[in-house]
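Worksheet: the structure to be examined is printed underneath.
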Amino acid sequence: TPTTTTNNKKRITKLPPSPPKLPVLGNLHQLGLYAHRSLQTLARRHGPLMHLRFGTVPVVVASSAAAAREIMKTHDHNFSGRVESAVAAKLLYDYEDISTAPYGEGWRQRRGVCVVHLLSNRRVQSFRRVREEETAILMKRMRDQRVVDLSESFATLTNDVVCRAALGRKYSELGSNGGRKFNELLLEFMELLGSFNVGDFIPWLRWINIFTGFSVRVDTIAKEFDDFLEEVVDEHTRKLENRASRETEEDREEEEEEDLVDILLNLQRDKSLGFPLTRKNVKGIILDMFAAGTDTSYTVLEWAMTELLRHPKTMERLRDEARRVGKGEAEINEDDLDEMLYLKAVMKETLRMYPPIPLLVPRKPSRSVEIEGYHVPAGTMTMVNAWAIGRDPGIWEQPEEFKPERFLNDGCKVDFRGQDFELIPFGAGRRGCPGISFAMATNELVLANMVNGFDWSLPEGMRVEELDMGECPGLTIHKKVKLVAVCTPRQLHA
Ligand code: HEM
């Protein structure tokens, strides 16, 4: 290994191994539509830490649990920066949110607000009624339909739960004058956020975005969402002012539960935080909840049900657990979930094989650092291939098989909360996902009720092998072909 000596300390200068690079493109041509898969293939040849170049941008990719641990635990402090992106800046308020904010005081303050006030266990608990009501609505709709587009149903459900928790009610249309459907707009927002922006990687090709209309699309969506959030904030401000002018405590208690916008506006008003929370911050944080919390959550349900339909014995075992724990009742409630160990194993197995954001959210070290014996220069875009780690045959027996049993008994100790680097769908460390409890509370409740209330099968005449397992490219990986299944309501004894 080449080294230089400074102040008697050996410094490693060798970069991690690289696949051959092309002029201008670097390694971009090797990524294809499914970067997590191509990067896994490259890592098999070049090792668990690789150095690549996307256009002019140097990139390091970690594909082993050990390398991920070095980045997100040993050197987490150094790797807590995010990579700038022109699209994210436009869509998420010039980095004034949480997820795209540079590592520093502003991010620390907003993240603190999020962890303590918005997504704490206590707060997640306060939305229990929202989850239970929305799950009941979904179950009723399924009973009426019988042949169910599960992809669509899960997307609507997660969206409605986040909408009610964050904004206090569901919004099917944007703005008071009608306008585009909220779901449609969010879909386009996510598509743009996850799209490959040429200008970020090959600056002199930035003009392409203007030429193809990409820049106009980004500006339009940013404006539509901002108009909508302006209205939401105004509406909430008026409500809080009315409430403050009410005379008695009793009157106030009659009000409905606080939503996340209420909480942020109250913190902004009473100035107890000790730092200003601007209107841009409030809008950015709320938009983060949608960007980070809807698409991600629903793909877990989509892949879980896909695998359950492919594995009838696994479905049966989960169904039996739900019906035993639910004691024959029509509904499973959240208190029952603690006892459902097989359900937890199914969730873990789904997150192992289908981490919703397979390459997590890229980080950036503020100082040069040595990882696994290689030099990673300051500012290098650093990606962790959580998808490849979840399918690493050095860690998992039969990694391509869906076997929730691996997470029972001793296996149940392996968790996804950022301590076990073989299972990191939510990332880890300072920038790890703060929405785990929020996401899993909904996902567990929905899946438990689906198998408790119904027997599930594939559409008539379809064989298990015919179930399309293709992925839709993007930031989050959902199914390319919608998942459709048939439900038979369970007969309840009178
Ligand atoms: C299954 C569902 C979810 C998955 C798989 C997921 C995954 C992730 C991942 C991989 C990151 C980046 C972590 C890192 O850099 O180490 C992240 C960040 C984040 N997530 Fe989630 N997430 C989910 C649900 C949610 C929900 C429901 C919310 C909020 C309601 C949320 C809010 C956030 C925020 C605000 C960040 C940015 C944290 C920061 O940069 O400091 N997530 N999430």
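As shown in the structure tokens, the chain order sets the letters A, B, ...; within each chain, residues go from 1, and ligands are also counted from 1 in the order they appear.
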
Practice task
Using only C-alpha atoms and all ligand atoms, determine which residues fall within 7 Å of ligand 1, then list them as number ranges by chain.
Solution key: A: 98-101, 111, 119, 162, 288-290, 292-294, 296-297, 300, 355-357, 360-363, 425-436, 438-440

Exercise for the section: Go through region 373-456 of chain A and collect every residue that DSSP, computed from the backbone, puts in strand (DSSP E or B); the answer should be as a PyMOL selection string. Expected result: chain A and resi 374-376+381-384+454-456

For the selection you just gave me, I'd like the residues written to a file as a compact mmCIF listing (two decimals), in the first residue's frame, keeping N, CA and C atoms.
# COMPACT_ATOMS: atom_id res chain seq x y z
N TYR A 374 -8.14 1.85 3.10
CA TYR A 374 -8.08 2.70 1.90
C TYR A 374 -8.35 4.16 2.27
N HIS A 375 -7.87 5.02 1.37
CA HIS A 375 -8.03 6.45 1.57
C HIS A 375 -9.35 6.92 0.93
N VAL A 376 -10.17 7.60 1.72
CA VAL A 376 -11.39 8.19 1.17
C VAL A 376 -11.26 9.71 1.33
N MET A 381 -18.63 11.49 -2.44
CA MET A 381 -20.01 10.97 -2.29
C MET A 381 -19.92 9.50 -1.86
N THR A 382 -20.54 9.15 -0.73
CA THR A 382 -20.38 7.80 -0.20
C THR A 382 -21.73 7.08 -0.15
N MET A 383 -21.79 5.94 -0.83
CA MET A 383 -23.04 5.19 -0.87
C MET A 383 -22.87 3.85 -0.16
N VAL A 384 -23.93 3.42 0.50
CA VAL A 384 -23.89 2.11 1.15
C VAL A 384 -24.95 1.25 0.48
N PHE A 454 -58.76 -11.88 6.17
CA PHE A 454 -58.98 -12.50 4.86
C PHE A 454 -58.04 -13.67 4.60
N ASP A 455 -58.49 -14.53 3.70
CA ASP A 455 -57.56 -15.49 3.09
C ASP A 455 -57.21 -14.89 1.74
N TRP A 456 -55.95 -15.05 1.36
CA TRP A 456 -55.47 -14.39 0.14
C TRP A 456 -55.01 -15.40 -0.90

Handout entry: Contacts of region 192-206 of chain A at 7 Å (only C-alpha atoms; same-chain gap of 3+ positions) as a PyMOL selection string
Key = chain A and resi 54-57+85-88+188-189+209+218+474-475

Handout entry: 8 Å contact set for Gln40 (chain A), only C-alpha atoms, chain neighbours under 2 positions out, as a ChimeraX atom specification
Key = /A:36-38,42-44,63,385,388

For region 139-152 of chain A, please output as a compact mmCIF listing (two decimals) with N, CA, C and O atoms, in the first residue's frame all residues within 10 Å (counting only C-alpha atoms; exclusion window: fewer than 4 positions along the same chain).
# COMPACT_ATOMS: atom_id res chain seq x y z
N GLU A 133 -58.14 3.65 12.33
CA GLU A 133 -59.27 4.03 11.47
C GLU A 133 -58.94 3.81 10.00
O GLU A 133 -59.75 3.28 9.24
N GLU A 134 -57.74 4.20 9.61
CA GLU A 134 -57.39 4.04 8.19
C GLU A 134 -57.26 2.56 7.81
O GLU A 134 -57.61 2.18 6.70
N THR A 135 -56.78 1.75 8.74
CA THR A 135 -56.69 0.32 8.47
C THR A 135 -58.09 -0.26 8.31
O THR A 135 -58.36 -1.05 7.40
N THR A 156 -52.28 4.40 -1.09
CA THR A 156 -53.30 5.31 -0.56
C THR A 156 -53.28 5.31 0.96
O THR A 156 -53.32 6.36 1.60
N LEU A 157 -53.18 4.11 1.53
CA LEU A 157 -53.20 4.03 2.99
C LEU A 157 -52.05 4.79 3.64
O LEU A 157 -52.25 5.62 4.53
N TYR A 298 -44.83 2.13 1.92
CA TYR A 298 -45.77 1.27 1.21
C TYR A 298 -45.07 0.16 0.43
O TYR A 298 -45.62 -0.92 0.26
N THR A 299 -43.81 0.40 0.03
CA THR A 299 -43.12 -0.68 -0.69
C THR A 299 -42.90 -1.89 0.24
O THR A 299 -42.87 -3.02 -0.23
N LEU A 301 -44.95 -3.04 2.49
CA LEU A 301 -46.18 -3.83 2.46
C LEU A 301 -46.33 -4.55 1.13
O LEU A 301 -46.76 -5.71 1.06
N GLU A 302 -45.99 -3.86 0.06
CA GLU A 302 -46.13 -4.43 -1.28
C GLU A 302 -45.25 -5.67 -1.44
O GLU A 302 -45.72 -6.74 -1.87
N TRP A 303 -43.99 -5.57 -1.03
CA TRP A 303 -43.09 -6.73 -1.18
C TRP A 303 -43.43 -7.84 -0.19
O TRP A 303 -43.33 -9.03 -0.50
N MET A 305 -46.41 -8.66 0.95
CA MET A 305 -47.55 -9.43 0.44
C MET A 305 -47.17 -10.23 -0.80
O MET A 305 -47.66 -11.34 -1.00
N THR A 306 -46.28 -9.68 -1.63
CA THR A 306 -45.84 -10.43 -2.81
C THR A 306 -45.19 -11.74 -2.37
O THR A 306 -45.50 -12.82 -2.88
N GLU A 331 -60.93 -7.66 14.34
CA GLU A 331 -59.79 -6.76 14.14
C GLU A 331 -58.66 -7.05 15.11
O GLU A 331 -58.88 -7.41 16.25
N VAL A 446 -51.32 -3.08 9.53
CA VAL A 446 -52.01 -3.38 8.27
C VAL A 446 -51.81 -4.85 7.90
O VAL A 446 -52.78 -5.57 7.61
N ASN A 449 -53.78 -7.25 10.12
CA ASN A 449 -55.22 -7.25 9.85
C ASN A 449 -55.58 -7.88 8.52
O ASN A 449 -56.65 -8.49 8.37
N MET A 450 -54.68 -7.75 7.56
CA MET A 450 -54.97 -8.35 6.25
C MET A 450 -55.06 -9.87 6.34
O MET A 450 -55.94 -10.47 5.73
N GLY A 453 -58.15 -10.90 8.70
CA GLY A 453 -59.50 -10.71 8.17
C GLY A 453 -59.80 -11.48 6.89
O GLY A 453 -60.96 -11.67 6.55
N PHE A 454 -58.76 -11.88 6.17
CA PHE A 454 -58.98 -12.50 4.86
C PHE A 454 -58.04 -13.67 4.60
O PHE A 454 -56.94 -13.72 5.14
N TRP A 456 -55.95 -15.05 1.36
CA TRP A 456 -55.47 -14.39 0.14
C TRP A 456 -55.01 -15.40 -0.90
O TRP A 456 -54.40 -16.41 -0.58
N SER A 457 -55.29 -15.08 -2.16
CA SER A 457 -54.76 -15.93 -3.23
C SER A 457 -54.47 -15.08 -4.46
O SER A 457 -54.89 -13.92 -4.54
N LEU A 458 -53.77 -15.68 -5.40
CA LEU A 458 -53.46 -14.98 -6.65
C LEU A 458 -54.72 -14.96 -7.52
O LEU A 458 -55.60 -15.80 -7.36
N PRO A 459 -54.82 -14.00 -8.46
CA PRO A 459 -55.98 -13.98 -9.35
C PRO A 459 -56.15 -15.34 -10.04
O PRO A 459 -55.16 -16.03 -10.30
N GLU A 460 -57.40 -15.66 -10.34
CA GLU A 460 -57.71 -16.98 -10.86
C GLU A 460 -56.83 -17.35 -12.06
O GLU A 460 -56.62 -16.55 -12.97
N HIS A 478 -40.23 0.04 -5.92
CA HIS A 478 -41.45 -0.75 -5.80
C HIS A 478 -41.64 -1.66 -6.99
O HIS A 478 -40.83 -1.66 -7.90
N LYS A 479 -42.76 -2.40 -6.94
CA LYS A 479 -42.97 -3.37 -8.02
C LYS A 479 -43.27 -2.66 -9.32
O LYS A 479 -43.98 -1.66 -9.35
N VAL A 481 -44.87 -4.13 -11.90
CA VAL A 481 -46.26 -4.47 -12.22
C VAL A 481 -47.03 -4.47 -10.90
O VAL A 481 -46.61 -5.08 -9.92
N LYS A 482 -48.16 -3.80 -10.90
CA LYS A 482 -48.94 -3.70 -9.66
C LYS A 482 -49.30 -5.08 -9.10
O LYS A 482 -49.56 -6.00 -9.87
N LEU A 483 -49.34 -5.17 -7.80
CA LEU A 483 -49.70 -6.44 -7.18
C LEU A 483 -51.21 -6.51 -7.02
O LEU A 483 -51.82 -5.68 -6.34
N VAL A 484 -51.79 -7.50 -7.66
CA VAL A 484 -53.25 -7.69 -7.56
C VAL A 484 -53.50 -9.07 -6.94
O VAL A 484 -52.85 -10.05 -7.33
N ALA A 485 -54.39 -9.13 -5.96
CA ALA A 485 -54.68 -10.42 -5.33
C ALA A 485 -56.17 -10.51 -5.00
O ALA A 485 -56.89 -9.51 -5.02
N VAL A 486 -56.60 -11.73 -4.71
CA VAL A 486 -58.01 -11.97 -4.42
C VAL A 486 -58.17 -12.26 -2.93
O VAL A 486 -57.42 -13.07 -2.37
N CYS A 487 -59.13 -11.60 -2.29
CA CYS A 487 -59.33 -11.89 -0.87
C CYS A 487 -60.68 -12.55 -0.61
O CYS A 487 -61.67 -12.22 -1.25
N THR A 488 -60.66 -13.49 0.30
CA THR A 488 -61.89 -14.12 0.73
C THR A 488 -62.07 -13.77 2.21
O THR A 488 -61.24 -14.16 3.04
N PRO A 489 -63.12 -13.01 2.51
CA PRO A 489 -63.29 -12.62 3.92
C PRO A 489 -63.44 -13.85 4.80
O PRO A 489 -64.10 -14.82 4.40
N ARG A 490 -62.85 -13.78 5.95
CA ARG A 490 -62.92 -14.91 6.87
C ARG A 490 -64.32 -14.96 7.48
O ARG A 490 -64.90 -13.93 7.79

Problem - 12 Å contact set for Gly47 (chain A), only C-alpha atoms, chain neighbours under 3 positions out, as a list in words - result: Pro16, Pro17, Ser18, Pro19, Leu39, Gln40, Thr41, Leu42, Ala43, Arg44, Met50, His51, Val60, Val61, Ala62, Ser63, Ser64, Ala67, Glu372 and Tyr374 of chain A

With N, CA, C and O atoms retained, write the just-selected residues as a CSV table (one decimal), in the first residue's frame.
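And here's again.csv as it stands now:
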chain,number,residue,atom,x,y,z
A,16,PRO,N,-9.6,3.1,-2.8
A,16,PRO,CA,-10.2,1.8,-3.0
A,16,PRO,C,-10.1,1.3,-4.4
A,16,PRO,O,-10.1,2.2,-5.3
A,17,PRO,N,-10.2,0.0,-4.7
A,17,PRO,CA,-10.1,-0.5,-6.1
A,17,PRO,C,-11.3,0.1,-6.9
A,17,PRO,O,-12.3,0.4,-6.4
A,18,SER,N,-11.0,0.2,-8.2
A,18,SER,CA,-11.9,0.8,-9.2
A,18,SER,C,-12.1,0.0,-10.4
A,18,SER,O,-11.2,-0.5,-10.9
A,19,PRO,N,-13.4,-0.2,-10.8
A,19,PRO,CA,-13.6,-0.7,-12.2
A,19,PRO,C,-13.0,0.3,-13.2
A,19,PRO,O,-13.0,1.5,-12.9
A,39,LEU,N,-24.1,-2.4,-9.0
A,39,LEU,CA,-23.0,-2.2,-8.0
A,39,LEU,C,-22.7,-3.4,-7.2
A,39,LEU,O,-21.5,-3.7,-6.8
A,40,GLN,N,-23.7,-4.3,-7.0
A,40,GLN,CA,-23.4,-5.6,-6.3
A,40,GLN,C,-22.5,-6.4,-7.2
A,40,GLN,O,-21.5,-7.0,-6.7
A,41,THR,N,-22.8,-6.4,-8.5
A,41,THR,CA,-22.0,-7.2,-9.5
A,41,THR,C,-20.5,-6.7,-9.5
A,41,THR,O,-19.6,-7.4,-9.4
A,42,LEU,N,-20.4,-5.4,-9.5
A,42,LEU,CA,-19.1,-4.8,-9.6
A,42,LEU,C,-18.3,-5.1,-8.3
A,42,LEU,O,-17.1,-5.3,-8.3
A,43,ALA,N,-19.0,-5.0,-7.1
A,43,ALA,CA,-18.4,-5.3,-5.9
A,43,ALA,C,-17.9,-6.7,-5.8
A,43,ALA,O,-16.8,-7.0,-5.1
A,44,ARG,N,-18.6,-7.6,-6.4
A,44,ARG,CA,-18.1,-9.0,-6.4
A,44,ARG,C,-16.8,-9.1,-7.0
A,44,ARG,O,-15.9,-9.9,-6.6
A,50,MET,N,-15.4,0.3,-3.1
A,50,MET,CA,-14.9,0.6,-4.4
A,50,MET,C,-14.9,2.1,-4.6
A,50,MET,O,-15.7,2.8,-4.0
A,51,HIS,N,-14.0,2.5,-5.5
A,51,HIS,CA,-13.9,3.9,-5.9
A,51,HIS,C,-14.4,4.1,-7.3
A,51,HIS,O,-13.9,3.4,-8.2
A,60,VAL,N,-17.6,6.7,-3.5
A,60,VAL,CA,-17.1,5.4,-2.9
A,60,VAL,C,-18.4,4.6,-2.6
A,60,VAL,O,-19.4,5.2,-2.1
A,61,VAL,N,-18.3,3.3,-2.8
A,61,VAL,CA,-19.5,2.5,-2.6
A,61,VAL,C,-19.1,1.4,-1.6
A,61,VAL,O,-18.1,0.6,-1.9
A,62,ALA,N,-19.8,1.3,-0.5
A,62,ALA,CA,-19.6,0.2,0.5
A,62,ALA,C,-20.6,-0.9,0.3
A,62,ALA,O,-21.8,-0.6,0.2
A,63,SER,N,-20.1,-2.1,0.2
A,63,SER,CA,-21.1,-3.2,0.0
A,63,SER,C,-20.9,-4.4,1.0
A,63,SER,O,-21.4,-5.5,0.8
A,64,SER,N,-20.3,-4.1,2.1
A,64,SER,CA,-20.3,-5.1,3.2
A,64,SER,C,-20.7,-4.5,4.5
A,64,SER,O,-20.6,-3.3,4.7
A,67,ALA,N,-17.8,-2.6,6.2
A,67,ALA,CA,-17.5,-1.3,5.6
A,67,ALA,C,-18.6,-0.3,6.0
A,67,ALA,O,-18.3,0.9,6.3
A,372,GLU,N,-11.2,0.7,5.9
A,372,GLU,CA,-10.8,-0.6,5.5
A,372,GLU,C,-9.5,-0.6,4.8
A,372,GLU,O,-9.3,-1.3,3.8
A,374,TYR,N,-8.1,1.9,3.1
A,374,TYR,CA,-8.1,2.7,1.9
A,374,TYR,C,-8.4,4.2,2.3
A,374,TYR,O,-9.0,4.5,3.3

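What separates CA of Tyr93 (chain A) from CA of Lys280 (chain A) is a distance of 6.5 Å.
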
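Interatomic distance, CA of Arg217 (chain A) against CA of Leu92 (chain A): 14.6 Å.
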
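Here CA of Ser437 (chain A) is placed at a distance of 15.8 Å from CA of Asp295 (chain A).
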
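Closest approach to Arg310 (chain A) from the set A:Phe402, A:Ala65, A:His29, A:Ala35 is made by A:Phe402, with distances taken over only C-alpha atoms.
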
Which residues of region 401-478 of chain A come within 9 Å of region 334-340 of chain A, and what is each one's closest atom pair and distance in Å (one decimal), counting only C-alpha atoms, sorted by chain and residue number, as a tab-separated table?
residue	atom	partner	partner_atom	distance
A:Ala441	CA	A:Glu334	CA	8.0
A:Glu444	CA	A:Leu337	CA	7.3
A:Leu445	CA	A:Glu334	CA	6.6
A:Ala448	CA	A:Leu337	CA	7.9

Go ahead and save the picked residues with all heavy atoms, as a PDB file, in the first residue's frame.
ATOM      1  N   ALA A 441     -45.188   0.970  12.872  1.00  0.00           N
ATOM      2  CA  ALA A 441     -46.484   0.875  13.561  1.00  0.00           C
ATOM      3  C   ALA A 441     -47.588   0.659  12.517  1.00  0.00           C
ATOM      4  O   ALA A 441     -48.461  -0.201  12.682  1.00  0.00           O
ATOM      5  CB  ALA A 441     -46.749   2.140  14.369  1.00  0.00           C
ATOM      6  N   GLU A 444     -47.047  -2.931  10.468  1.00  0.00           N
ATOM      7  CA  GLU A 444     -47.386  -4.143  11.234  1.00  0.00           C
ATOM      8  C   GLU A 444     -48.901  -4.273  11.391  1.00  0.00           C
ATOM      9  O   GLU A 444     -49.468  -5.352  11.212  1.00  0.00           O
ATOM     10  CB  GLU A 444     -46.723  -4.109  12.613  1.00  0.00           C
ATOM     11  CG  GLU A 444     -45.217  -4.338  12.548  1.00  0.00           C
ATOM     12  CD  GLU A 444     -44.577  -4.368  13.921  1.00  0.00           C
ATOM     13  OE1 GLU A 444     -45.293  -4.262  14.942  1.00  0.00           O
ATOM     14  OE2 GLU A 444     -43.329  -4.490  13.973  1.00  0.00           O
ATOM     15  N   LEU A 445     -49.544  -3.154  11.704  1.00  0.00           N
ATOM     16  CA  LEU A 445     -50.991  -3.198  11.928  1.00  0.00           C
ATOM     17  C   LEU A 445     -51.727  -3.632  10.658  1.00  0.00           C
ATOM     18  O   LEU A 445     -52.641  -4.460  10.700  1.00  0.00           O
ATOM     19  CB  LEU A 445     -51.492  -1.817  12.386  1.00  0.00           C
ATOM     20  CG  LEU A 445     -52.951  -1.772  12.785  1.00  0.00           C
ATOM     21  CD1 LEU A 445     -53.167  -2.522  14.102  1.00  0.00           C
ATOM     22  CD2 LEU A 445     -53.460  -0.338  12.928  1.00  0.00           C
ATOM     23  N   ALA A 448     -51.006  -7.419   9.757  1.00  0.00           N
ATOM     24  CA  ALA A 448     -51.675  -8.317  10.700  1.00  0.00           C
ATOM     25  C   ALA A 448     -53.168  -8.388  10.395  1.00  0.00           C
ATOM     26  O   ALA A 448     -53.776  -9.466  10.387  1.00  0.00           O
ATOM     27  CB  ALA A 448     -51.452  -7.834  12.135  1.00  0.00           C
TER      28      ALA A 448
END
